[in-house]
2 protein chains.
Amino acid sequence: MSSGVDRRDRPTMRDVAALAGVGIKTVSRVVNGVPTVAPELVARVQSAADSLGYRPNLTASNLRRADGRTHTIGLLVENVGNPYSAAVHRAVEDVAREHGIFVLSGSLDEDPDREYHLLRALIDRRVDGVLLAPAGEDYRHLVAEQEAGTSVVFIDRRPASLIADCVVTANRAGAATGVRHLVAHGHRSVAYLGDRTSIATARERFAGYADALSAADLAVAANWVRHDLRSMDEARRAALELLTSENPPQALFTGQNLITIGALRALHETGLESTIALVGFDDFLLADMMRPGITVVAQRPYEIGRLAAERLLARVAGDGSPPQELVVDTALIPRGSGELPPPARP
Amino acid sequence: MSSGVDRRDRPTMRDVAALAGVGIKTVSRVVNGVPTVAPELVARVQSAADSLGYRPNLTASNLRRADGRTHTIGLLVENVGNPYSAAVHRAVEDVAREHGIFVLSGSLDEDPDREYHLLRALIDRRVDGVLLAPAGEDYRHLVAEQEAGTSVVFIDRRPASLIADCVVTANRAGAATGVRHLVAHGHRSVAYLGDRTSIATARERFAGYADALSAADLAVAANWVRHDLRSMDEARRAALELLTSENPPQALFTGQNLITIGALRALHETGLESTIALVGFDDFLLADMMRPGITVVAQRPYEIGRLAAERLLARVAGDGSPPQELVVDTALIPRGSGELPPPARP
DNA sequence: CTGAAAGCGCTTACAG
DNA sequence: CTGAAAGCGCTTACAG
């Protein structure tokens, strides 16, 4: 009638020691590669460990170890399933792996409450540090954790006051570059389609859009600005509205991946994909295979993940220098959609 | 001159107990929500814990707990950065999260050696179970781990002898459906472009290709079969060779995501994308936005991850029934490229 | 309802 | 070079 294994039946150091006829401390030395053990004992311990299928219990050894390291870090991103987060994740894994460190990951789905609970769950597991692409706004509760020795590095968004390292994309400058590209191709009316303004990066990209327009003595027209688009379909509908209005823009600038794709669907549905220019923030797979190819301002998620992981591991290793802000620049990739000439005005 | 924090300075149950003026066992009861504690003591303990910023140490509690659960599972996939693995990952996270379980993940990159070491590292951290999309071929070493209480569920590939649960795609049937679709549209010569034959799923998909051809009394022609394509660019070049040969096929069947995209590039480069039909195994973002849209045999990675995680958690909870093989079927999605008529023969 | 003793699997600090 | 004792932060098994 029993359901469930009540306790794992794994051999312990004690079992290995008994079989090898040595003290448990000698087994510990062999397992940890301490060189001052008689070769004959090393051999006996190793064959005993092999025959029992012994594997050291890292969580137990960690409990007593002086440095208290778990060799595990946490990574909280928007969604482990989306291409951007997944690229960051892979970079973090690659850096961590060089140091024998594992990654515990979680998806935040832009939910501050979820973020709070996942952070706590990581801390309860005593991760060595956390990489956080934040969903929330208030990080005062993190200060206590930092003081308690859990390093935190922010990804994509700056913490409110610079209490920790962060690695961010040059959102404002990148967006300005994209819009300037459209202006340089003769467009006077460029619409903006963007994410929720509660998201700091969305605000920065909008600021870059405004920068580029005012640098060209163009006004930001309220009827050509659509904020708070939460999904591909909301973006698609907003773009359809703009494109079919009595005063459509000559070009579109989209502030994010899914919004770009939504706008692209609208352009295809209206048959305007070769008429209305488009530059999107974020690159995506097959953007070059579209007709026309999609011009984008590309972020570098792998580079962001790599820098963030390296910063975190430096902190874990004891780097006590002041918090740093690392800015990763973007790359404009012209593919056709951003180089269309403006349509003749009606 | 000190570099690195030598020991975390986190308050322990002992500290909370001292501040609250109770025994440490009472703190333990409050932290674990045991109801038989005097309300007045609960309040004192909670305020002491809050003022110290106390957080329980899960790795310590786990060491003594009767069930030995770490509430952590391992997930080893081909590459956490690729869309397929990322979708599986997200499904696993969603299921795990309902049970308060975290996911430690790692990328195998088709490297059996890496798989062996990552598996060991997960076991040393005493994960409750492992989900494995295997890179290797020999899993006898896993039997000992299963006996020691670490459950394993295989994803995408069956273990050699059915020693464990597995969740697989209907690769052979799905590939046959895709090729049958081309044959139904009049194609007599369908080329196959596939992954390394050392990969079981690639062999199964090729078998499905052969099934569909022989069911239509068509022969498998060696000069139209290209195995062992390891990258998008290898696929692109193989497709270019086929398309520019003196006896080109009427249609292409591609066995995997990156191979489909490589073939697609070749079709665009030769201007044949509306002439040569194409059906690909695996769906991808924007496949519907191509000209023509790309017809695919879609896998359901989220469903696979969900089923695998549910199976694993059932095992962890004590399910001792015989190993199961769960097969997730595919869906043919016609979008244009697979419905092109055969070109007139020269 | 509460708490002192023992122990989870290992490492530290110390003696031999 | 080797090992017995103490302790990491918690829970178990017991007494009161």
# chains A, B, ... in the order shown; residues from 1 in each chain; ligands from 1

call {"tool": "interface_residues", "arguments": {"of": "chain A", "to": "chain D", "cutoff": "8 Å", "atoms": "only C-alpha atoms (C1' of nucleotides)", "output": "ChimeraX atom specification"}}
result
/A:23-26,36-38,63-65

call {"tool": "write_last_selection", "arguments": {"atoms": "N, CA and C atoms", "output": "CSV table (one decimal), in the first residue's frame"}}
result
chain,number,residue,atom,x,y,z
A,23,GLY,N,38.6,5.6,7.1
A,23,GLY,CA,37.7,6.6,7.8
A,23,GLY,C,36.9,7.4,6.8
A,24,ILE,N,35.9,8.0,7.2
A,24,ILE,CA,35.0,8.8,6.2
A,24,ILE,C,35.8,10.0,5.7
A,25,LYS,N,36.6,10.5,6.6
A,25,LYS,CA,37.4,11.7,6.1
A,25,LYS,C,38.4,11.4,5.0
A,26,THR,N,38.8,10.1,5.0
A,26,THR,CA,39.7,9.7,3.8
A,26,THR,C,38.9,9.7,2.6
A,36,THR,N,47.1,14.5,-0.7
A,36,THR,CA,47.9,13.9,0.3
A,36,THR,C,47.3,12.6,0.9
A,37,VAL,N,46.9,11.7,0.0
A,37,VAL,CA,46.3,10.4,0.4
A,37,VAL,C,47.2,9.3,-0.2
A,38,ALA,N,47.5,8.3,0.6
A,38,ALA,CA,48.3,7.2,0.1
A,38,ALA,C,47.7,6.6,-1.2
A,63,LEU,N,26.5,22.6,2.8
A,63,LEU,CA,26.0,23.1,4.0
A,63,LEU,C,27.1,23.3,5.0
A,64,ARG,N,28.1,22.5,4.9
A,64,ARG,CA,29.2,22.7,5.9
A,64,ARG,C,30.4,23.5,5.3
A,65,ARG,N,30.5,23.6,4.0
A,65,ARG,CA,31.6,24.3,3.4
A,65,ARG,C,31.7,25.7,3.8

call {"tool": "interface_residues", "arguments": {"of": "chain A", "to": "chain B", "cutoff": "7 Å", "atoms": "only C-alpha atoms", "output": "ChimeraX atom specification"}}
result
/A:3-10,55-60,63,66-68,80-81,83,86-87,89-90,102-105,124-126,148-149,290,317-319

call {"tool": "write_last_selection", "arguments": {"atoms": "N, CA and C atoms", "output": "short mmCIF file (atom, residue, chain, number, x, y, z; two decimals), in the first residue's frame"}}
result
data_model
loop_
_atom_site.label_atom_id
_atom_site.label_comp_id
_atom_site.auth_asym_id
_atom_site.auth_seq_id
_atom_site.Cartn_x
_atom_site.Cartn_y
_atom_site.Cartn_z
N SER A 3 2.87 4.35 -1.23
CA SER A 3 2.98 5.14 -2.45
C SER A 3 4.12 6.12 -2.27
N GLY A 4 5.07 6.06 -3.16
CA GLY A 4 6.18 7.00 -3.06
C GLY A 4 7.35 6.42 -2.29
N VAL A 5 8.53 6.73 -2.77
CA VAL A 5 9.74 6.30 -2.08
C VAL A 5 9.93 7.22 -0.89
N ASP A 6 10.11 6.67 0.27
CA ASP A 6 10.19 7.55 1.42
C ASP A 6 11.56 8.18 1.56
N ARG A 7 12.58 7.45 1.29
CA ARG A 7 13.91 8.06 1.33
C ARG A 7 14.77 7.41 0.26
N ARG A 8 15.53 8.23 -0.43
CA ARG A 8 16.43 7.71 -1.44
C ARG A 8 17.40 6.71 -0.82
N ASP A 9 17.73 5.72 -1.57
CA ASP A 9 18.57 4.67 -1.04
C ASP A 9 19.97 4.79 -1.61
N ARG A 10 20.52 5.96 -1.56
CA ARG A 10 21.84 6.16 -2.14
C ARG A 10 22.93 5.88 -1.11
N ARG A 55 27.74 8.63 -5.39
CA ARG A 55 27.80 9.99 -5.93
C ARG A 55 27.73 10.95 -4.75
N PRO A 56 28.66 11.90 -4.67
CA PRO A 56 28.64 12.83 -3.53
C PRO A 56 27.36 13.65 -3.50
N ASN A 57 26.92 14.01 -2.31
CA ASN A 57 25.74 14.85 -2.15
C ASN A 57 26.17 16.31 -2.02
N LEU A 58 26.03 17.04 -3.12
CA LEU A 58 26.51 18.42 -3.14
C LEU A 58 25.78 19.31 -2.15
N THR A 59 24.51 19.03 -1.93
CA THR A 59 23.76 19.91 -1.04
C THR A 59 24.24 19.72 0.40
N ALA A 60 24.64 18.50 0.74
CA ALA A 60 25.17 18.28 2.09
C ALA A 60 26.55 18.91 2.24
N LEU A 63 26.46 22.57 2.76
CA LEU A 63 25.95 23.05 4.04
C LEU A 63 27.09 23.34 5.01
N ALA A 66 32.96 26.18 3.95
CA ALA A 66 33.20 27.54 4.43
C ALA A 66 32.65 28.60 3.48
N ASP A 67 32.73 28.37 2.18
CA ASP A 67 32.30 29.42 1.26
C ASP A 67 30.79 29.41 1.02
N GLY A 68 30.11 28.34 1.38
CA GLY A 68 28.66 28.30 1.27
C GLY A 68 28.12 28.36 -0.15
N VAL A 80 11.02 31.84 -20.82
CA VAL A 80 12.08 30.99 -21.35
C VAL A 80 11.75 30.48 -22.75
N GLY A 81 10.47 30.57 -23.14
CA GLY A 81 10.07 30.05 -24.44
C GLY A 81 10.20 31.04 -25.58
N PRO A 83 12.19 33.69 -28.17
CA PRO A 83 13.52 33.61 -28.77
C PRO A 83 14.55 34.53 -28.08
N ALA A 86 15.42 33.06 -24.72
CA ALA A 86 16.12 31.79 -24.94
C ALA A 86 17.58 32.04 -25.34
N ALA A 87 17.81 33.09 -26.13
CA ALA A 87 19.18 33.41 -26.54
C ALA A 87 20.00 33.90 -25.34
N HIS A 89 19.41 33.08 -22.29
CA HIS A 89 19.57 31.88 -21.46
C HIS A 89 20.76 31.04 -21.93
N ARG A 90 20.85 30.86 -23.25
CA ARG A 90 21.93 30.03 -23.76
C ARG A 90 23.30 30.64 -23.46
N PHE A 102 25.37 25.59 -12.48
CA PHE A 102 24.09 25.28 -13.13
C PHE A 102 23.16 26.48 -13.06
N VAL A 103 22.18 26.49 -13.94
CA VAL A 103 21.24 27.60 -14.02
C VAL A 103 19.81 27.14 -13.69
N LEU A 104 19.23 27.77 -12.67
CA LEU A 104 17.81 27.58 -12.35
C LEU A 104 17.06 28.72 -13.01
N SER A 105 16.10 28.42 -13.88
CA SER A 105 15.46 29.52 -14.59
C SER A 105 13.97 29.59 -14.32
N ASP A 124 15.67 30.84 -1.19
CA ASP A 124 15.51 29.70 -0.29
C ASP A 124 16.36 28.51 -0.72
N ARG A 125 16.67 28.45 -2.00
CA ARG A 125 17.56 27.39 -2.48
C ARG A 125 19.03 27.84 -2.40
N ARG A 126 19.24 29.01 -1.91
CA ARG A 126 20.58 29.56 -1.67
C ARG A 126 21.45 29.58 -2.93
N ALA A 148 22.94 40.12 2.35
CA ALA A 148 23.08 38.76 2.88
C ALA A 148 23.97 37.91 1.98
N GLY A 149 24.45 38.49 0.89
CA GLY A 149 25.43 37.79 0.08
C GLY A 149 24.93 37.23 -1.23
N MET A 290 11.54 37.54 -46.17
CA MET A 290 10.28 38.18 -46.54
C MET A 290 10.45 38.93 -47.86
N ALA A 317 32.53 35.87 -7.05
CA ALA A 317 33.93 35.60 -6.71
C ALA A 317 34.51 36.67 -5.79
N GLY A 318 33.73 37.70 -5.48
CA GLY A 318 34.19 38.67 -4.49
C GLY A 318 34.46 40.07 -4.99
N ASP A 319 34.19 40.34 -6.26
CA ASP A 319 34.39 41.69 -6.79
C ASP A 319 33.50 42.67 -6.02
#

call {"tool": "atom_distance", "arguments": {"atom1": "atom CA of A:Leu75", "atom2": "atom CA of A:Ser151"}}
result
12.0 Å

call {"tool": "select_by_dssp", "arguments": {"residues": "stretch 149-210 of chain B", "states": "helix (DSSP H, G or I)", "output": "PyMOL selection string"}}
result
chain B and resi 171-184+200-210

call {"tool": "write_last_selection", "arguments": {"atoms": "C-alpha atoms", "output": "short mmCIF file (atom, residue, chain, number, x, y, z; two decimals), in the first residue's frame"}}
result
data_model
loop_
_atom_site.label_atom_id
_atom_site.label_comp_id
_atom_site.auth_asym_id
_atom_site.auth_seq_id
_atom_site.Cartn_x
_atom_site.Cartn_y
_atom_site.Cartn_z
CA ASN B 171 7.85 10.95 -36.50
CA ARG B 172 7.34 8.15 -38.98
CA ALA B 173 3.60 8.66 -39.40
CA GLY B 174 4.01 12.43 -39.56
CA ALA B 175 6.69 12.28 -42.24
CA ALA B 176 4.59 9.83 -44.24
CA THR B 177 1.63 12.23 -44.04
CA GLY B 178 3.75 15.07 -45.39
CA VAL B 179 5.12 13.05 -48.31
CA ARG B 180 1.69 11.56 -49.07
CA HIS B 181 0.42 15.13 -49.34
CA LEU B 182 3.00 15.86 -52.04
CA VAL B 183 2.21 12.65 -53.87
CA ALA B 184 -1.51 13.47 -53.72
CA ALA B 200 16.93 8.08 -34.25
CA THR B 201 14.26 10.64 -35.10
CA ALA B 202 15.95 11.34 -38.44
CA ARG B 203 15.88 7.62 -39.25
CA GLU B 204 12.19 7.45 -38.35
CA ARG B 205 11.31 10.41 -40.52
CA PHE B 206 13.21 8.92 -43.43
CA ALA B 207 11.31 5.67 -42.89
CA GLY B 208 8.04 7.63 -43.10
CA TYR B 209 9.24 9.19 -46.36
CA ALA B 210 9.99 5.74 -47.76
#

call {"tool": "residues_around", "arguments": {"residues": "B:Pro322", "least_positions_apart": "6", "cutoff": "9 Å", "atoms": "only C-alpha atoms (C1' of nucleotides)", "output": "list in words"}}
result
Ile163, Ala164 and Asp165 of chain B

call {"tool": "decode", "arguments": {"residues": "chain C", "atoms": "C-alpha atoms (C1' of nucleotides)", "output": "mmCIF file, in the first residue's frame"}}
result
data_model
loop_
_atom_site.group_PDB
_atom_site.id
_atom_site.type_symbol
_atom_site.label_atom_id
_atom_site.label_comp_id
_atom_site.auth_asym_id
_atom_site.auth_seq_id
_atom_site.Cartn_x
_atom_site.Cartn_y
_atom_site.Cartn_z
ATOM 1 C "C1'" DC C 1 1.346 22.980 23.032
ATOM 2 C "C1'" DT C 2 6.640 23.229 23.560
ATOM 3 C "C1'" DG C 3 11.548 22.146 23.430
ATOM 4 C "C1'" DA C 4 16.133 19.417 24.229
ATOM 5 C "C1'" DA C 5 18.572 15.648 22.007
ATOM 6 C "C1'" DA C 6 19.964 13.166 17.957
ATOM 7 C "C1'" DG C 7 20.914 12.934 13.182
ATOM 8 C "C1'" DC C 8 20.656 14.056 7.685
ATOM 9 C "C1'" DG C 9 25.752 13.733 4.693
ATOM 10 C "C1'" DC C 10 29.141 16.119 4.492
ATOM 11 C "C1'" DT C 11 33.519 19.473 5.875
ATOM 12 C "C1'" DT C 12 36.144 21.906 9.408
ATOM 13 C "C1'" DA C 13 39.378 22.065 12.983
ATOM 14 C "C1'" DC C 14 42.288 19.266 15.511
ATOM 15 C "C1'" DA C 15 44.981 15.422 17.335
ATOM 16 C "C1'" DG C 16 47.787 11.798 16.546
#
